[in-house]
>>> print(open('final04.txt').read())   # compact mmCIF, C-alpha atoms and all ligand atoms
# COMPACT_ATOMS: atom_id res chain seq x y z
CA MET A 14 182.03 76.90 105.77
CA ARG A 15 183.18 78.02 109.22
CA GLU A 16 180.75 78.45 112.06
CA PRO A 17 179.21 81.89 112.02
CA ALA A 18 180.18 84.42 114.66
CA GLY A 19 177.12 83.64 116.70
CA GLU A 20 175.38 85.85 119.16
CA GLY A 21 176.81 83.76 122.01
CA ARG A 22 180.22 85.18 121.32
CA LEU A 23 178.91 88.70 121.30
CA MET A 24 177.01 88.23 124.54
CA VAL A 25 180.30 87.44 126.30
CA HIS A 26 181.16 91.10 125.82
CA PRO A 27 178.37 93.19 127.31
CA VAL A 28 177.11 96.01 125.15
CA ASP A 29 178.04 98.60 127.80
CA THR A 30 181.22 99.62 125.98
CA GLY A 31 179.32 99.55 122.70
CA ALA A 32 178.60 103.26 122.37
CA SER A 33 182.17 104.35 122.87
CA GLU A 34 183.52 101.62 120.57
CA PHE A 35 181.02 102.73 117.94
CA ARG A 36 182.18 106.33 118.33
CA MET A 37 185.80 105.28 118.08
CA LEU A 38 185.07 103.28 114.94
CA ARG A 39 183.39 106.27 113.31
CA SER A 40 186.38 108.38 114.18
CA LEU A 41 188.85 105.80 112.84
CA SER A 42 186.73 105.42 109.70
CA ALA A 43 186.81 109.15 109.03
CA SER A 44 190.58 109.35 109.39
CA ILE A 45 191.11 106.31 107.15
CA GLY A 46 188.69 107.80 104.62
CA ALA A 47 190.66 111.03 104.50
CA ASP A 48 193.86 109.24 103.42
CA PRO A 49 193.92 108.69 99.63
CA LEU A 50 196.57 106.01 100.03
CA LEU A 51 194.05 103.94 102.03
CA VAL A 52 190.63 104.80 100.63
CA GLN A 53 189.48 106.49 97.43
CA GLY A 54 185.98 107.89 96.96
CA ALA A 55 183.24 105.53 98.07
CA GLY A 56 185.66 102.59 98.42
CA GLY A 57 186.59 100.79 101.63
CA ASN A 58 184.33 100.07 104.56
CA THR A 59 184.32 99.39 108.29
CA SER A 60 182.03 97.48 110.62
CA ILE A 61 181.28 96.63 114.22
CA LYS A 62 179.35 93.63 115.57
CA GLN A 63 177.16 94.41 118.58
CA ALA A 64 174.51 92.15 120.10
CA GLY A 65 173.99 90.15 116.93
CA VAL A 66 173.88 93.22 114.68
CA LEU A 67 176.55 94.03 112.11
CA TRP A 68 176.77 97.79 111.64
CA ILE A 69 178.47 98.44 108.32
CA LYS A 70 179.17 101.41 106.09
CA ALA A 71 176.39 102.05 103.60
CA SER A 72 176.97 101.40 99.91
CA GLY A 73 178.02 104.46 97.93
CA THR A 74 178.83 106.57 101.01
CA TRP A 75 182.31 107.91 101.76
CA LEU A 76 184.19 106.74 104.84
CA LYS A 77 185.66 110.20 105.34
CA ASN A 78 182.17 111.35 106.40
CA ALA A 79 181.71 108.62 109.00
CA ARG A 80 182.21 110.98 111.95
CA ASP A 81 179.72 113.63 110.87
CA ASP A 82 177.07 111.67 108.97
CA GLU A 83 175.02 108.59 109.79
CA ILE A 84 176.45 106.21 107.22
CA MET A 85 176.40 102.95 109.19
CA VAL A 86 173.65 100.44 108.35
CA PRO A 87 172.44 97.73 110.79
CA VAL A 88 172.31 94.20 109.37
CA ALA A 89 171.07 91.08 111.22
CA LEU A 90 174.20 88.94 111.39
CA ALA A 91 172.92 85.39 111.96
CA PRO A 92 170.49 85.25 109.01
CA LEU A 93 173.10 86.83 106.72
CA LEU A 94 175.67 84.20 107.69
CA ASP A 95 173.05 81.53 107.18
CA ALA A 96 172.39 82.89 103.68
CA VAL A 97 176.14 82.86 102.91
CA ALA A 98 176.43 79.27 104.17
CA HIS A 99 173.59 78.22 101.89
CA ARG A 100 174.92 80.32 99.00
CA SER A 101 171.60 82.09 98.85
CA PRO A 102 171.39 84.98 96.35
CA ALA A 103 170.05 87.05 99.27
CA ALA A 104 173.61 87.18 100.63
CA GLU A 105 174.86 88.98 97.52
CA THR A 106 173.94 92.45 98.73
CA ALA A 107 172.62 91.66 102.23
CA GLY A 108 169.92 94.28 101.64
CA GLN A 109 167.08 92.13 102.90
CA PHE A 110 168.80 91.64 106.26
CA THR A 111 168.91 95.33 107.17
CA LEU A 112 167.00 96.25 110.33
CA VAL A 113 164.48 98.69 108.93
CA ASP A 114 163.60 100.34 112.25
CA LEU A 115 167.24 101.24 112.89
CA ASN A 116 167.84 102.43 109.31
CA PRO A 117 165.80 105.64 108.93
CA ARG A 118 167.75 106.80 105.86
CA GLN A 119 167.00 103.47 104.16
CA LEU A 120 170.63 103.09 103.18
CA ARG A 121 171.86 99.90 101.56
CA PRO A 122 174.67 97.97 103.22
CA SER A 123 178.05 97.90 101.50
CA ILE A 124 178.40 95.42 98.65
CA GLU A 125 181.21 93.92 100.71
CA THR A 126 179.08 93.18 103.79
CA THR A 127 179.69 89.43 103.56
CA VAL A 128 183.45 90.00 103.99
CA HIS A 129 182.77 91.67 107.34
CA ALA A 130 180.19 89.09 108.41
CA LEU A 131 182.50 86.13 107.84
CA LEU A 132 185.27 87.42 110.08
CA PRO A 133 184.40 86.58 113.70
CA GLN A 134 186.20 89.57 115.24
CA LYS A 135 184.11 92.47 116.49
CA ILE A 136 185.77 95.17 114.37
CA VAL A 137 186.58 94.79 110.66
CA VAL A 138 188.31 97.40 108.52
CA HIS A 139 188.57 97.02 104.74
CA VAL A 140 190.67 99.45 102.75
CA HIS A 141 191.84 99.84 99.16
CA CYS A 142 195.35 100.52 100.44
CA VAL A 143 197.58 101.32 97.45
CA GLU A 144 200.57 99.59 99.07
CA THR A 145 198.52 96.40 99.39
CA ILE A 146 196.94 96.60 95.94
CA SER A 147 200.33 97.14 94.29
CA ILE A 148 201.38 93.74 95.69
CA ALA A 149 197.97 92.07 95.32
CA VAL A 150 198.00 92.65 91.53
CA GLN A 151 201.27 90.76 91.08
CA ALA A 152 201.49 87.12 90.03
CA ASN A 153 203.93 86.39 92.88
CA ALA A 154 201.91 88.22 95.54
CA GLU A 155 202.00 85.22 97.87
CA ALA A 156 205.82 85.18 97.95
CA LEU A 157 206.01 88.96 98.41
CA LEU A 158 203.55 88.77 101.32
CA GLU A 159 205.38 85.86 102.94
CA GLU A 160 208.49 88.00 103.05
CA ARG A 161 206.77 91.03 104.51
CA LEU A 162 204.02 89.67 106.77
CA ARG A 163 206.02 86.93 108.51
CA GLY A 164 204.64 86.27 111.99
CA LEU A 165 201.17 87.63 111.22
CA ASP A 166 198.02 85.50 110.76
CA TRP A 167 197.32 86.49 107.17
CA ALA A 168 195.74 84.85 104.15
CA LEU A 169 195.78 85.78 100.47
CA VAL A 170 192.39 85.40 98.83
CA PRO A 171 192.42 85.17 95.02
CA TYR A 172 190.38 87.77 93.12
CA ARG A 173 186.64 87.16 93.10
CA ARG A 174 183.80 89.57 92.50
CA PRO A 175 182.54 91.06 95.80
CA GLY A 176 179.33 89.47 97.05
CA LEU A 177 178.91 85.72 97.20
CA PRO A 178 181.94 84.72 95.08
CA LEU A 179 184.34 86.67 97.32
CA ALA A 180 182.59 85.41 100.48
CA GLN A 181 183.05 81.83 99.34
CA ALA A 182 186.75 82.33 98.56
CA ILE A 183 187.28 83.89 101.99
CA SER A 184 185.46 81.04 103.76
CA GLU A 185 187.79 78.55 102.10
CA ARG A 186 190.92 80.28 103.39
CA LEU A 187 189.90 81.61 106.78
CA LYS A 188 191.47 79.96 109.83
CA PRO A 189 190.37 80.69 113.41
CA ALA A 190 193.27 83.09 114.07
CA THR A 191 193.27 84.86 110.70
CA ASN A 192 192.99 88.61 111.21
CA VAL A 193 194.61 89.93 108.01
CA LEU A 194 193.22 89.23 104.56
CA VAL A 195 194.88 90.41 101.38
CA LEU A 196 192.30 90.31 98.61
CA GLY A 197 193.88 89.64 95.21
CA ASN A 198 193.53 92.59 92.79
CA HIS A 199 191.45 94.37 95.41
CA GLY A 200 192.74 95.40 98.85
CA LEU A 201 193.27 94.69 102.53
CA VAL A 202 191.07 93.59 105.45
CA VAL A 203 192.13 93.66 109.10
CA ALA A 204 190.06 92.47 112.04
CA ALA A 205 190.33 92.79 115.82
CA ASP A 206 188.16 92.78 118.91
CA THR A 207 188.65 96.47 119.66
CA VAL A 208 188.90 99.57 117.48
CA ALA A 209 192.29 100.42 118.99
CA GLU A 210 193.68 96.98 118.08
CA ALA A 211 192.27 97.19 114.57
CA ALA A 212 193.87 100.62 114.08
CA LEU A 213 197.24 99.30 115.28
CA LEU A 214 197.04 96.22 113.07
CA LEU A 215 196.14 98.34 110.05
CA GLN A 216 199.08 100.62 110.74
CA ARG A 217 201.41 97.65 111.19
CA VAL A 218 200.38 95.85 107.99
CA THR A 219 200.36 98.93 105.77
CA GLY A 220 203.78 99.85 107.20
CA LEU A 221 205.17 96.40 106.38
CA LEU A 222 203.80 96.55 102.83
CA ALA A 223 204.89 100.13 102.13
CA ARG A 224 207.39 100.94 99.42
CA PRO A 225 208.36 104.32 98.02
CA PRO A 226 206.64 105.09 94.72
CA ARG A 227 208.81 105.24 91.61
CA PRO A 228 209.62 108.92 91.01
CA SER A 229 207.80 110.31 87.98
CA PRO A 230 208.54 113.28 85.72
CA SER A 231 206.36 116.39 86.09
CA PRO A 232 203.36 116.71 83.80
CA ASP A 233 203.56 118.95 80.73
CA LEU A 234 200.56 121.12 81.57
CA ASP A 235 200.94 123.43 78.56
CA ALA A 236 200.93 120.47 76.19
CA LEU A 237 197.91 118.94 77.99
CA LEU A 238 195.92 122.16 77.72
CA ARG A 239 196.69 122.26 73.98
CA LEU A 240 195.61 118.62 73.65
CA ALA A 241 192.34 119.42 75.47
CA ALA A 242 191.48 122.40 73.24
CA GLY A 243 188.14 122.04 71.50
CA SER A 244 187.20 118.97 73.54
CA ASP A 245 185.23 118.15 76.68
CA TYR A 246 188.41 117.37 78.59
CA ARG A 247 190.29 119.23 81.33
CA LEU A 248 193.14 118.76 83.79
CA PRO A 249 192.55 116.38 86.74
CA ALA A 250 191.83 117.78 90.19
CA SER A 251 194.94 116.21 91.70
CA ALA A 252 198.40 116.76 90.23
CA ALA A 253 199.27 113.29 91.56
CA ALA A 254 196.98 111.75 88.92
CA HIS A 255 199.45 112.54 86.12
CA ALA A 256 202.17 110.12 87.23
CA VAL A 257 200.56 107.11 85.56
CA ALA A 258 201.15 108.81 82.21
CA THR A 259 204.35 110.79 82.76
CA ASP A 260 206.20 107.68 83.98
CA LEU A 261 206.36 105.37 80.98
CA ALA A 262 206.81 102.18 83.06
CA SER A 263 203.58 103.03 84.90
CA CYS A 264 201.85 103.87 81.63
CA ARG A 265 202.79 100.45 80.19
CA ILE A 266 201.33 98.66 83.23
CA ALA A 267 198.09 100.65 83.04
CA ALA A 268 197.80 100.18 79.28
CA SER A 269 197.33 96.41 79.60
CA GLY A 270 194.03 96.40 81.48
CA SER A 271 192.01 96.83 84.67
CA LEU A 272 193.79 96.11 87.93
CA TYR A 273 190.98 96.27 90.56
CA PRO A 274 187.18 96.61 90.71
CA ASP A 275 186.71 100.29 91.62
CA HIS A 276 188.80 101.31 88.61
CA VAL A 277 186.30 99.50 86.36
CA ILE A 278 183.29 100.95 88.18
CA PHE A 279 184.39 104.59 88.23
CA LEU A 280 186.81 104.94 85.27
CA GLY A 281 185.72 102.13 82.96
CA VAL A 282 187.53 99.04 81.67
CA GLY A 283 191.30 99.52 81.42
CA SER A 284 192.89 102.82 80.47
CA VAL A 285 192.66 104.72 77.21
CA ILE A 286 196.07 105.78 75.93
CA ALA A 287 196.45 108.53 73.34
CA GLY A 288 198.55 107.66 70.31
CA PRO A 289 201.45 109.82 69.10
CA GLY A 290 200.12 113.18 67.88
CA GLU A 291 196.55 112.44 69.03
CA ASN A 292 194.66 115.11 70.95
CA ALA A 293 191.62 114.46 73.16
CA ALA A 294 189.13 115.02 70.32
CA ALA A 295 191.02 112.56 68.12
CA VAL A 296 190.98 109.92 70.87
CA VAL A 297 187.21 110.33 71.24
CA ALA A 298 186.77 110.02 67.48
CA ARG A 299 189.01 106.92 67.28
CA THR A 300 187.46 105.07 70.21
CA GLY A 301 183.88 106.11 69.43
CA SER A 302 183.38 106.87 73.11
CA ALA A 303 184.30 109.57 75.59
CA PRO A 304 186.47 107.83 78.20
CA THR A 305 186.42 109.32 81.70
CA SER A 306 190.17 109.78 81.54
CA ILE A 307 192.83 109.74 78.80
CA LEU A 308 196.52 109.05 79.38
CA PHE A 309 199.00 111.00 77.23
CA PRO A 310 202.34 109.15 77.55
CA GLY A 311 205.11 111.39 78.84
CA LYS A 312 202.73 114.35 79.25
CA GLY A 313 200.00 113.55 81.79
CA VAL A 314 196.28 112.87 82.12
CA LEU A 315 193.10 114.62 81.00
CA MET A 316 189.72 114.02 82.61
CA ARG A 317 186.34 114.38 80.94
CA ARG A 318 184.82 117.68 82.02
CA ASP A 319 181.96 116.00 83.92
CA ALA A 320 184.17 113.55 85.82
CA ASN A 321 183.15 113.74 89.46
CA ALA A 322 184.93 113.29 92.77
CA GLY A 323 184.74 109.49 92.64
CA ALA A 324 186.39 109.35 89.22
CA GLU A 325 189.00 111.90 90.27
CA ALA A 326 189.88 109.78 93.31
CA MET A 327 190.27 106.68 91.15
CA ALA A 328 192.43 108.53 88.61
CA ARG A 329 194.86 109.44 91.34
CA CYS A 330 194.67 105.93 92.81
CA LEU A 331 195.86 104.42 89.54
CA SER A 332 199.00 106.56 89.66
CA ASP A 333 199.61 105.67 93.29
CA VAL A 334 199.22 101.91 92.68
CA VAL A 335 201.25 101.46 89.49
CA ALA A 336 204.09 103.67 90.79
CA ARG A 337 204.63 100.93 93.40
CA VAL A 338 204.67 98.04 90.91
CA ASP A 339 208.08 97.22 89.49
CA GLY A 340 208.19 97.75 85.71
CA ALA A 341 209.37 94.14 85.24
CA ALA A 342 206.70 92.59 87.52
CA ARG A 343 204.25 90.01 86.19
CA VAL A 344 200.87 91.61 86.71
CA ASN A 345 197.44 89.96 86.95
CA TYR A 346 194.67 91.89 85.22
CA LEU A 347 190.92 91.43 85.54
CA SER A 348 189.69 89.28 82.65
CA PRO A 349 187.05 90.52 80.17
CA LYS A 350 184.55 88.28 81.99
CA GLU A 351 185.48 89.78 85.37
CA ASN A 352 185.18 93.33 83.99
CA ALA A 353 181.77 92.51 82.54
CA GLU A 354 180.42 90.89 85.70
CA LEU A 355 181.31 94.04 87.67
CA LEU A 356 179.63 96.35 85.17
CA ASN A 357 176.52 94.20 84.88
CA TRP A 358 176.00 93.66 88.61
CA ASP A 359 172.98 95.57 89.92
CA ALA A 360 174.70 96.34 93.23
CA GLU A 361 177.51 98.09 91.37
CA LYS A 362 175.06 99.93 89.13
CA TYR A 363 173.59 101.41 92.31
CA ARG A 364 177.02 102.68 93.38
CA GLN A 365 177.61 104.13 89.91
CA GLN A 366 174.24 105.86 90.05
CA LEU A 367 175.07 107.46 93.42
CA ASN A 368 178.39 108.59 91.97
CA ARG A 369 176.70 110.11 88.91
CA GLU A 370 174.30 111.96 91.18
CA GLY A 371 177.29 113.73 92.65
CA ALA A 372 177.72 111.27 95.46
CA THR A 373 174.94 112.92 97.40
CA LEU A 374 175.47 110.41 100.20
CA GLN A 375 179.07 111.48 100.79
ZN ZN A 401 186.81 96.65 98.46
>>> encode(input="final04.txt", output="structure tokens")
Amino acid sequence: MREPAGEGRLMVHPVDTGASEFRMLRSLSASIGADPLLVQGAGGNTSIKQAGVLWIKASGTWLKNARDDEIMVPVALAPLLDAVAHRSPAAETAGQFTLVDLNPRQLRPSIETTVHALLPQKIVVHVHCVETISIAVQANAEALLEERLRGLDWALVPYRRPGLPLAQAISERLKPATNVLVLGNHGLVVAADTVAEAALLLQRVTGLLARPPRPSPSPDLDALLRLAAGSDYRLPASAAAHAVATDLASCRIAASGSLYPDHVIFLGVGSVIAGPGENAAAVVARTGSAPTSILFPGKGVLMRRDANAGAEAMARCLSDVVARVDGAARVNYLSPKENAELLNWDAEKYRQQLNREGATLQ
């Protein structure tokens, strides 16, 4: 376990520039949160370390609202790092380290707070960048990253559930100069000592990892509306969500399982694919459940009528990710055990509950 980013380090930089850095971080967070290729729904998070306090996005809130709403939660850094070092269950959600007096809305810190705490840099930005995820789900991700991130201080961290397991995996791979983490089947983290540097690094890495999505045929909206008739299903909010079904290579990739945690949390395990001639009602009858989304190969996607903004964002994200994975690529999927540990984790149940309530904390 590396030495924690102690308060000594933070005291070297007086807090006088703190207010403007904080403002700049909120502004950067809002612009990142408004880009669906970087952040979807309540995913992603940012943080700043000031005078021994880690200010981090609250669980279940949306980064795009960071400029207008108070969504940053103060967490005492030293005791949290101590808990991580001792693998204390208290580090799982970091909730008990929040500074109550500075947290009038009683928000919970992000479930990924430990990721931010472990990096010593002052500013940490974590995104579910689709360019990154499309590489981070591939079996040869390390080789692909070596090609593209040459010259940068990056590390690939194998998939672990957020919380303590992910914190431990990061600790094992972090070197003093590391400022880019690619999280397997998950996303990207960049760190820097100023907001401006973090923004530049994020731009640089996402640029290096970017590839054009595979073009996909247009959805067959008439057919989809016929397939939805008499059911509780409707068209998705974003036309971009259809590509995962209209492009058959993408559909095959999605059909084999769950690729990253927020898909499991907001859309369920894997993807439900309609069989030939099946309409939405027939899929519901066959599966004995009402999946949040149904993929109709060659035609497009239907969403359950009550699917909310978080689910809509994840439906589009799936299209954006798989369109960037080569049809012949070897893909790593979350295992049944990994799917189950996400769905049974109390911290994730809290995020699901906020999402069901219409993401009132957006
Ligand atoms: Zn994440």
>>> atom_distance(input="final04.txt", atom1="atom CA of A:Met316", atom2="atom CA of A:Val143")
21.1 Å
>>> closest_atom_pairs(input="final04.txt", of="stretch 185-223 of chain A", to="stretch 45-66 of chain A", cutoff="9 Å", atoms="only C-alpha atoms", output="tab-separated table")
residue	atom	partner	partner_atom	distance
A:Gly200	CA	A:Gly57	CA	8.6
A:Val208	CA	A:Ile61	CA	8.8
A:Thr219	CA	A:Leu51	CA	8.9
>>> closest_atom_pairs(input="final04.txt", of="chain A", to="ligand ZN 401 (chain A)", cutoff="12 Å", atoms="only C-alpha atoms and all ligand atoms", output="CSV")
residue,atom,partner,partner_atom,distance
A:Leu51,CA,A:ZN401,ZN,10.9
A:Val52,CA,A:ZN401,ZN,9.3
A:Gln53,CA,A:ZN401,ZN,10.2
A:Gly54,CA,A:ZN401,ZN,11.4
A:Ala55,CA,A:ZN401,ZN,9.6
A:Gly56,CA,A:ZN401,ZN,6.1
A:Gly57,CA,A:ZN401,ZN,5.2
A:Asn58,CA,A:ZN401,ZN,7.4
A:Thr59,CA,A:ZN401,ZN,10.5
A:Lys70,CA,A:ZN401,ZN,11.8
A:Ser72,CA,A:ZN401,ZN,11.0
A:Gly73,CA,A:ZN401,ZN,11.8
A:Ser123,CA,A:ZN401,ZN,9.4
A:Ile124,CA,A:ZN401,ZN,8.5
A:Glu125,CA,A:ZN401,ZN,6.6
A:Thr126,CA,A:ZN401,ZN,10.0
A:Thr127,CA,A:ZN401,ZN,11.4
A:Val128,CA,A:ZN401,ZN,9.3
A:His129,CA,A:ZN401,ZN,11.0
A:Val138,CA,A:ZN401,ZN,10.2
A:His139,CA,A:ZN401,ZN,6.5
A:Val140,CA,A:ZN401,ZN,6.4
A:His141,CA,A:ZN401,ZN,6.0
A:Cys142,CA,A:ZN401,ZN,9.6
A:Val143,CA,A:ZN401,ZN,11.8
A:Thr145,CA,A:ZN401,ZN,11.7
A:Ile146,CA,A:ZN401,ZN,10.4
A:Tyr172,CA,A:ZN401,ZN,11.0
A:Arg173,CA,A:ZN401,ZN,10.9
A:Arg174,CA,A:ZN401,ZN,9.7
A:Pro175,CA,A:ZN401,ZN,7.5
A:Gly176,CA,A:ZN401,ZN,10.5
A:Leu179,CA,A:ZN401,ZN,10.3
A:Leu194,CA,A:ZN401,ZN,11.5
A:Val195,CA,A:ZN401,ZN,10.6
A:Leu196,CA,A:ZN401,ZN,8.4
A:Gly197,CA,A:ZN401,ZN,10.5
A:Asn198,CA,A:ZN401,ZN,9.7
A:His199,CA,A:ZN401,ZN,6.0
A:Gly200,CA,A:ZN401,ZN,6.1
A:Leu201,CA,A:ZN401,ZN,7.9
A:Val202,CA,A:ZN401,ZN,8.7
A:Tyr273,CA,A:ZN401,ZN,8.9
A:Pro274,CA,A:ZN401,ZN,7.8
A:Asp275,CA,A:ZN401,ZN,7.7
A:His276,CA,A:ZN401,ZN,11.1
A:Ile278,CA,A:ZN401,ZN,11.7
A:Glu361,CA,A:ZN401,ZN,11.8
>>> residues_around(input="final04.txt", residues="A:Val335", least_positions_apart="2", cutoff="12 Å", atoms="all atoms listed in the file", output="ChimeraX atom specification")
/A:143-151,224-229,254-273,328-333,337-342,344
>>> atom_distance(input="final04.txt", atom1="atom CA of A:Asn357", atom2="atom CA of A:Lys77")
27.5 Å
>>> atom_distance(input="final04.txt", atom1="atom CA of A:Asp206", atom2="atom CA of A:Gln134")
5.3 Å
>>> residues_around(input="final04.txt", residues="A:Tyr246", least_positions_apart="4", cutoff="7 Å", atoms="only C-alpha atoms", output="list in words")
Ala241, Ala293, Leu315, Met316, Arg317 and Arg318 of chain A
>>> residues_around(input="final04.txt", residues="A:Ala242", least_positions_apart="3", cutoff="10 Å", atoms="all atoms listed in the file", output="ChimeraX atom specification")
/A:237-239,245-247,292-294
>>> residues_around(input="final04.txt", residues="stretch 85-95 of chain A", least_positions_apart="4", cutoff="10 Å", atoms="all atoms listed in the file", output="VMD selection string")
chain A and resid 14 to 20 35 39 58 to 72 74 76 79 99 to 101 103 to 123 126 to 127 129 to 131
>>> closest_residue(input="final04.txt", among="A:Arg36, A:Leu165, A:Ala326, A:Asn345", to="A:Leu214", atoms="only C-alpha atoms")
A:Leu165
>>> closest_residue(input="final04.txt", among="A:Ala295, A:Ala253, A:Ala182, A:Leu308", to="A:Val97", atoms="all atoms listed in the file")
A:Ala182
